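Colleague: The following block contains the structure, expressed as structure tokens.
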Amino acid sequence: MTDPWVALEPGADPAERVRALRRAHETFTAVGTVPRPVRSVVAESWRRSARAGVGPDGTASVELTDGDLGTYRAEHPLARVMPLFRELMGTFAADGEHLLAVCDAHGRLLWVEGHTATRRRADRMNFVPGARWSESAVGTNAPGTAVALDRPVQVFAAEHFIRRVQPWTCAAAPVHDPRTGRVLGAVDITGGDGLAHPHSLGFVQAVARAAEAQLALLVPPHPETAPSLSALGRDEAELTLDGRRMRLSRRHSEILVLLSRHPEGLSGDQLLCALYADESVPPVTLRAELARLRRLLGPGLLASRPYRLTAAVESDATVVERRLETGSLIAAAEAYTGPLLPGSQAPAVVRLRERLSGGLRAALVAHGDPDLLADWAHAPWGEDDVEVWRALAAVRPTAPVRARLAALEAELAAPAGRPQWRHRGGQRPWSCAT
């Protein structure tokens, strides 16, 4: 075979290959070995699927419905190129009795469109918008494997890990953010055995490249003029102002985080209370910090009486909060890059930090998504979070997860006086508004 990413080499008999693949699939699910003629890319995917705990008789779960799905799709970057996908692939899908599907970087299907009868058949295996089709959820499949490997891939018939998907053939290609190179999701064509042709793989790859080119054109040619503040996962916030990026001191970071949340402004007494746990700190200390911040920002952005920002400054913490409030949990988790100013002991910042991380964490545990829980558990801020590890073990009870949970629970059962991790830090009570 000249191209390992194409399912059938020229001249191969599709019916004979299906029979051979079914025998190989039964062998793998029975004894764990992968005989020929399974392609190496498929064999490796089968092994990953088995390690993730996927069963060959499983099915996809629908995670986003109705309003949650609509909100998430509206905010997703690939929504901007859906008209292009429909223009390039819609007629091909409808005329060929195929489906056009688009998933996000987690393998969640955002759009499934195409031939009406084919859609009804696909509905029976939950190949529907809002369903998770990542490899870790349903095993080998083109959209899930494409985002897992960041490569265009074709999956033919019994190469699919789950048996109920084996009557289908699909080809998918990842779509990247043209600025960062980050995988945004994948575009997929799904249908019958007729798609097991090199042309279908080349087709979706060309469509993905066209989408990336379109996204590049949609990027503003000049930096955004609206100020923005990045304060998650860093002790010193970064302010983007008039196309310039500047790193702020810790105290200036705290001040801007609080003022960005209070467009109406805060009095000197309110800021003093919010920033200093020590009530003996004199007001002149705060006034000196504000004077230095005003010189750094330049004229016009920081006003006084009350202290306020004269232009809206959106912080990354506010983005996470807004997405949580609208029920867009996946988007909120993607935007959360760490605790808010984790080294800050300012009472108001501590309270905001705990409220944000606690709200997101509680939503993840309640939702029970294994990939989102795993992302949190393996992040620096979640590696000792026993509640999240318990939730992860309930939905993905692999040996490493169980071992980590056992170690954490042993630490919790340690004798009194031994240092133990606590999710909620002990912040000092305070009365200022946040």
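Note on naming: chains are A, B, ... as they come in the structure tokens, residues start from 1 per chain, ligands start from 1 in the order shown.
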Identify all residues of range 80-272 of chain A in strand (DSSP E or B) (DSSP on the backbone) and supply them as a PyMOL selection string.
Modeller: chain A and resi 99-104+108-114+131-132+153-156+169-176+183-191+228-230+232+238-241+244-247+266
Colleague: Env of range 32-41 of chain A: 9 Å cut, atoms = only C-alpha atoms, seq-sep filter 6 positions within chain, self excluded. Answer as a ChimeraX atom specification.
Modeller: /A:4-5,7,17,20-21,23-25,47,50,153,159
Colleague: Go through A:Cys170, A:Ala407, A:Val165, A:Leu110 one by one, measure the shortest atom-to-atom distance of each to Arg132 in chain A using only C-alpha atoms, and give the residue with the smallest value.
Modeller: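 Checking each candidate against Arg132 in chain A, we get A:Leu110 as the closest.
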Colleague: Nearest to Glu334 in chain A: which of A:His176, A:His76, A:Arg163, A:Arg390 is it, counting only C-alpha atoms?
Modeller: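 Going through A:His176, A:His76, A:Arg163, A:Arg390 one by one, the smallest distance to Glu334 in chain A is for A:His76.
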Colleague: List as JSON, numbers by chain the protein and nucleic acid residues near range 88-99 of chain A, meaning an atom at most 12 Å away when only C-alpha atoms are counted, but skip any in the same chain fewer than 5 places from it.
Modeller: {"A": [81, 82, 83, 111, 112, 113, 114, 115, 116, 117, 118, 119, 120, 121, 122, 123, 127, 128, 168, 169, 170, 171, 172, 187, 188, 189, 190, 191, 192, 193, 194, 195, 200, 203, 204, 205, 206, 207, 208, 209, 210, 211]}
Colleague: Export N, CA and C atoms of the chosen residues as a short mmCIF file (atom, residue, chain, number, x, y, z; two decimals), in the first residue's frame?
Modeller:
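So out05.cif came out as:
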data_model
loop_
_atom_site.label_atom_id
_atom_site.label_comp_id
_atom_site.auth_asym_id
_atom_site.auth_seq_id
_atom_site.Cartn_x
_atom_site.Cartn_y
_atom_site.Cartn_z
N VAL A 81 -16.76 28.94 9.37
CA VAL A 81 -16.50 28.32 8.06
C VAL A 81 -17.53 27.26 7.70
N MET A 82 -18.60 27.16 8.49
CA MET A 82 -19.65 26.20 8.12
C MET A 82 -20.26 26.52 6.75
N PRO A 83 -20.50 27.79 6.39
CA PRO A 83 -20.99 28.04 5.03
C PRO A 83 -20.05 27.51 3.96
N TRP A 111 -21.93 19.56 13.92
CA TRP A 111 -22.90 19.56 12.83
C TRP A 111 -22.85 18.21 12.13
N VAL A 112 -24.01 17.67 11.80
CA VAL A 112 -24.13 16.47 10.97
C VAL A 112 -25.24 16.76 9.96
N GLU A 113 -24.87 16.84 8.68
CA GLU A 113 -25.81 17.23 7.63
C GLU A 113 -25.63 16.33 6.42
N GLY A 114 -26.66 16.28 5.56
CA GLY A 114 -26.52 15.50 4.34
C GLY A 114 -27.79 14.77 3.97
N HIS A 115 -27.64 13.60 3.38
CA HIS A 115 -28.75 12.81 2.85
C HIS A 115 -29.72 12.42 3.98
N THR A 116 -30.98 12.65 3.79
CA THR A 116 -31.98 12.47 4.85
C THR A 116 -32.03 11.03 5.35
N ALA A 117 -32.13 10.06 4.45
CA ALA A 117 -32.22 8.66 4.87
C ALA A 117 -30.94 8.22 5.57
N THR A 118 -29.80 8.70 5.08
CA THR A 118 -28.53 8.35 5.71
C THR A 118 -28.45 8.93 7.12
N ARG A 119 -28.99 10.12 7.29
CA ARG A 119 -29.00 10.71 8.63
C ARG A 119 -29.85 9.88 9.59
N ARG A 120 -30.97 9.39 9.11
CA ARG A 120 -31.81 8.57 9.99
C ARG A 120 -31.07 7.31 10.42
N ARG A 121 -30.33 6.70 9.51
CA ARG A 121 -29.54 5.52 9.87
C ARG A 121 -28.45 5.88 10.86
N ALA A 122 -27.81 7.02 10.64
CA ALA A 122 -26.74 7.45 11.54
C ALA A 122 -27.28 7.79 12.92
N ASP A 123 -28.50 8.29 12.98
CA ASP A 123 -29.11 8.62 14.28
C ASP A 123 -29.14 7.41 15.20
N PHE A 127 -24.71 9.09 15.85
CA PHE A 127 -23.85 9.96 15.05
C PHE A 127 -24.67 11.22 14.78
N VAL A 128 -24.78 12.03 15.83
CA VAL A 128 -25.68 13.18 15.83
C VAL A 128 -24.95 14.36 16.46
N TRP A 168 -20.10 1.39 8.18
CA TRP A 168 -19.83 2.72 7.63
C TRP A 168 -18.37 2.88 7.23
N THR A 169 -18.13 3.83 6.34
CA THR A 169 -16.78 4.25 5.97
C THR A 169 -16.72 5.77 6.05
N CYS A 170 -15.61 6.31 6.52
CA CYS A 170 -15.52 7.75 6.70
C CYS A 170 -14.10 8.23 6.46
N ALA A 171 -13.98 9.49 6.13
CA ALA A 171 -12.68 10.14 5.95
C ALA A 171 -12.76 11.52 6.60
N ALA A 172 -11.73 11.89 7.32
CA ALA A 172 -11.75 13.16 8.05
C ALA A 172 -10.36 13.79 8.03
N VAL A 187 -13.18 18.03 9.87
CA VAL A 187 -14.28 17.93 8.91
C VAL A 187 -14.28 16.50 8.38
N ASP A 188 -15.47 15.92 8.23
CA ASP A 188 -15.59 14.49 7.96
C ASP A 188 -16.65 14.25 6.90
N ILE A 189 -16.43 13.21 6.09
CA ILE A 189 -17.45 12.71 5.17
C ILE A 189 -17.69 11.25 5.54
N THR A 190 -18.93 10.90 5.79
CA THR A 190 -19.29 9.57 6.27
C THR A 190 -20.37 8.97 5.36
N GLY A 191 -20.22 7.69 5.03
CA GLY A 191 -21.21 7.02 4.18
C GLY A 191 -20.90 5.55 4.04
N GLY A 192 -21.08 5.04 2.82
CA GLY A 192 -20.87 3.62 2.56
C GLY A 192 -19.47 3.29 2.08
N ASP A 193 -19.31 2.05 1.62
CA ASP A 193 -17.99 1.56 1.22
C ASP A 193 -17.42 2.33 0.03
N GLY A 194 -18.28 3.00 -0.73
CA GLY A 194 -17.79 3.75 -1.88
C GLY A 194 -16.83 4.87 -1.51
N LEU A 195 -16.83 5.26 -0.23
CA LEU A 195 -15.90 6.30 0.20
C LEU A 195 -14.50 5.77 0.45
N SER A 200 -11.61 10.44 -1.62
CA SER A 200 -12.38 10.98 -0.50
C SER A 200 -11.46 11.57 0.56
N PHE A 203 -10.15 14.76 -0.77
CA PHE A 203 -11.22 15.75 -0.80
C PHE A 203 -11.37 16.45 0.54
N VAL A 204 -11.47 15.68 1.63
CA VAL A 204 -11.65 16.31 2.94
C VAL A 204 -10.40 17.08 3.34
N GLN A 205 -9.24 16.61 2.92
CA GLN A 205 -8.02 17.34 3.24
C GLN A 205 -8.01 18.70 2.53
N ALA A 206 -8.45 18.72 1.27
CA ALA A 206 -8.53 19.98 0.53
C ALA A 206 -9.55 20.92 1.16
N VAL A 207 -10.67 20.38 1.61
CA VAL A 207 -11.69 21.21 2.26
C VAL A 207 -11.14 21.79 3.57
N ALA A 208 -10.42 20.98 4.34
CA ALA A 208 -9.83 21.48 5.59
C ALA A 208 -8.85 22.62 5.32
N ARG A 209 -8.05 22.47 4.27
CA ARG A 209 -7.09 23.54 3.94
C ARG A 209 -7.82 24.80 3.49
N ALA A 210 -8.90 24.63 2.75
CA ALA A 210 -9.69 25.79 2.33
C ALA A 210 -10.28 26.50 3.55
N ALA A 211 -10.73 25.73 4.53
CA ALA A 211 -11.29 26.33 5.75
C ALA A 211 -10.22 27.11 6.51
#
Colleague: Considering only C-alpha atoms, tabulate each residue of range 154-243 of chain A that lies at most 7 Å from range 299-313 of chain A along with its nearest interatomic pair and the corresponding distance in Å to one decimal; arrange the rows by chain and ascending residue number and present them as CSV.
Modeller:
residue,atom,partner,partner_atom,distance
A:Pro227,CA,A:Val313,CA,5.0
A:Ser228,CA,A:Val313,CA,5.1
A:Leu229,CA,A:Val313,CA,6.7
Colleague: So which bits of range 184-411 of chain A end up helix (DSSP H, G or I) when you DSSP the backbone, as a ChimeraX atom specification?
Modeller: /A:193-195,198-218,250-261,268-275,283-297,316-325,329-335,347-367,370-377,386-395,399-411
Colleague: If I take CA of Leu271 in chain A and CA of Leu286 in chain A, how far is one from the other in Å, to one decimal?
Modeller: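 Between CA of Leu271 in chain A and CA of Leu286 in chain A the gap is 8.1 Å.
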Colleague: Looking at A:Gly130, A:Leu259, A:Ala362, A:Leu248, which one is nearest to Gly67 in chain A, with distances taken over only C-alpha atoms?
Modeller: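 Using only C-alpha atoms, the shortest distance to Gly67 in chain A belongs to A:Gly130.
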Colleague: Which residue is closest to Trp389 in chain A? Choose from A:Ala15, A:Leu217, A:Leu293, A:Leu364 and count only C-alpha atoms.
Modeller: A:Leu364
Colleague: Excluding range 274-278 of chain A and any residue of its chain fewer than 3 positions from it, enumerate the residues within 7 Å of it, using only C-alpha atoms, and give them as a ChimeraX atom specification.
Modeller: /A:270-271,281,346-348,432
Colleague: Report the distance between CA of Arg51 in chain A and CA of Glu9 in chain A in Å, rounded to one decimal place.
Modeller: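 That distance, rounded to one decimal, is 29.0 Å.
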Colleague: Could you tell me which of A:Met125, A:Ala74, A:Ala410, A:Ala142 comes closest to Val42 in chain A if we count only C-alpha atoms?
Modeller: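 When distances to Val42 in chain A are compared using only C-alpha atoms, the smallest one comes from A:Ala142.
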Colleague: Taking only C-alpha atoms into account, produce a table as a Markdown table in which each residue of range 311-361 of chain A with an atom at most 10 Å from an atom of range 235-239 of chain A appears once, together with its shortest atom pair and the distance in Å to one decimal, ordered by chain and rising number.
Modeller:
| residue | atom | partner | partner_atom | distance |
| --- | --- | --- | --- | --- |
| A:Val313 | CA | A:Leu239 | CA | 9.0 |
| A:Glu314 | CA | A:Leu239 | CA | 10.0 |
| A:Ser315 | CA | A:Leu239 | CA | 9.0 |
| A:Pro339 | CA | A:Asp235 | CA | 9.4 |
| A:Leu340 | CA | A:Asp235 | CA | 8.0 |
| A:Leu341 | CA | A:Asp235 | CA | 4.6 |
| A:Pro342 | CA | A:Asp235 | CA | 5.8 |
| A:Gly343 | CA | A:Asp235 | CA | 5.4 |
| A:Ser344 | CA | A:Asp235 | CA | 6.9 |
Colleague: Here is a test: counting only C-alpha atoms, which residue of A:Thr240, A:Ser280, A:Asn126, A:Thr398 is nearest to Ala60 in chain A?
Modeller: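 The shortest atom-to-atom distance to Ala60 in chain A comes from A:Asn126.
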